[in-house]
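This report concerns only the one structure given below.
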Amino acid sequence: MEGSARFGLWFVYIRWDSDNVVSRIRFVRQGVSGPVPLSLSQYLAGKTTTLSPLSSLHEQDDTVFGRIYREVKTIPYGETRTYKEIAESVGTGARVVGMAMKRNLTPILIPCHRVVSTGGLGGYTPDISIKQDLLNLEERVRKRMGITNSSLHLS
DNA sequence: CGTGGTACGGTTA
DNA sequence: TAACCGTACCACG
């Protein structure tokens, strides 16, 4: 199944199967019509902090990238980690983490927007403003829920 | 095959 | 400041 949901000036395209395994998520200018999993539209609307029961097709690989994806998935909603912190957890270099994020086929589900650079935001494809918007959304929701988690940037 | 280029970050001159 | 370099992977000869 496939469909898309609006997110600001962009659309989030998603393709998934009947077992809630997502094979592709992509930010596009023009949306295609079709269904979208409820948890995704609720996440984009700031109504939930979990994307369960969805899972990514690409998080199981027994490669360095696979380990990076699984590590990134453990970053809690509304928090961030640096490329370097993820790299140290996995036992590789920060640049490799950047490469894995760039090639992430299921952004949002594997929350690469929560991985930032030491001195700033880092990058995001296709547009850095999407990363900022996602972080703003999570920040807003976190405050609204009264979560006062001050332990950002902890490994 | 070899090579160059990455959504990084630390080290060195 | 700027120039290197490690590290995993891939596109392109």
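By order in the structure tokens, chains are A, B, ...; within a chain, residues start at 1; ligands start at 1, following the order shown.
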
Each residue of chain C lying at most 8 Å from chain A should get a row with its shortest atom-to-atom pair and the distance in Å to one decimal, counting only C-alpha atoms (C1' of nucleotides); could you produce that, ordered by chain and increasing number, as a Markdown table?
| residue | atom | partner | partner_atom | distance |
| --- | --- | --- | --- | --- |
| C:DG6 | C1' | A:Gly93 | CA | 7.2 |
| C:DT7 | C1' | A:Gly93 | CA | 5.4 |
| C:DA8 | C1' | A:Val96 | CA | 5.9 |

Item to check | Selection near DT11 (chain B), 12 Å with only C-alpha atoms (C1' of nucleotides), sequence-local residues under 3 positions removed, as an MDAnalysis selection string | outcome: chainID C and resid 3:6

Next on the checklist: Residues of chain A classed as strand (DSSP E or B) by DSSP on the backbone are to be reported as a ChimeraX atom specification.
Outcome noted: /A:2-7,10-16,21-28,55-56,81-82,107,110,115-116

Checklist entry - Which residues come within 10 Å of Ser33 (chain A), counting only C-alpha atoms (C1' of nucleotides), excluding same-chain residues fewer than 6 positions away, as a VMD selection string? => result chain A and resid 2 to 5 13

Next on the checklist: Run DSSP on the backbone and tell me which residues of chain A come out as alpha helix (DSSP H); list them as a PyMOL selection string.
Outcome noted: chain A and resi 38-44+64-73+83-90+94-102+128-144

Sorted per-residue table, chain A near chain B, closest atoms and distance, 12 Å, only C-alpha atoms (C1' of nucleotides), as a tab-separated table:
residue	atom	partner	partner_atom	distance
A:Thr82	CA	B:DC8	C1'	9.5
A:Tyr83	CA	B:DC8	C1'	6.8
A:Lys84	CA	B:DC8	C1'	7.3
A:Glu85	CA	B:DC8	C1'	11.0
A:Ile86	CA	B:DC8	C1'	11.3
A:Ala87	CA	B:DC8	C1'	9.8
A:Thr92	CA	B:DC8	C1'	11.4
A:Gly93	CA	B:DC8	C1'	7.8
A:Ala94	CA	B:DC8	C1'	4.8
A:Arg95	CA	B:DC8	C1'	4.4
A:Val96	CA	B:DC8	C1'	8.0
A:Val97	CA	B:DC8	C1'	8.1
A:Gly98	CA	B:DA7	C1'	5.1
A:Met99	CA	B:DT6	C1'	6.2
A:Ala100	CA	B:DA7	C1'	8.8
A:Met101	CA	B:DA7	C1'	6.7
A:Lys102	CA	B:DA7	C1'	5.7
A:Arg103	CA	B:DA7	C1'	9.4
A:Asn104	CA	B:DA7	C1'	10.7
A:Cys112	CA	B:DA7	C1'	9.5
A:His113	CA	B:DA7	C1'	10.0
A:Arg114	CA	B:DA7	C1'	12.0
A:Val115	CA	B:DA7	C1'	9.4
A:Val116	CA	B:DA7	C1'	8.9
A:Ser117	CA	B:DC8	C1'	7.2
A:Thr118	CA	B:DG9	C1'	8.0
A:Gly119	CA	B:DG9	C1'	9.7
A:Gly120	CA	B:DC8	C1'	11.4
A:Leu121	CA	B:DA7	C1'	9.4
A:Gly122	CA	B:DA7	C1'	5.8
A:Gly123	CA	B:DA7	C1'	3.8
A:Tyr124	CA	B:DA7	C1'	5.5
A:Thr125	CA	B:DA7	C1'	7.4
A:Pro126	CA	B:DA7	C1'	10.2
A:Asp127	CA	B:DA7	C1'	10.5
A:Ile128	CA	B:DA7	C1'	9.2
A:Lys131	CA	B:DA7	C1'	10.9

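The spacing separating CA of Leu54 (chain A) from CA of Asn136 (chain A) amounts to 22.5 Å.
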
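In terms of minimum interatomic distance to His58 (chain A), A:Val21 ranks closest within A:Ile130, A:Val21, A:Ile14, A:Leu135, counting only C-alpha atoms.
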
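Straight-line separation from CA of Arg24 (chain A) to CA of Glu88 (chain A): 27.5 Å.
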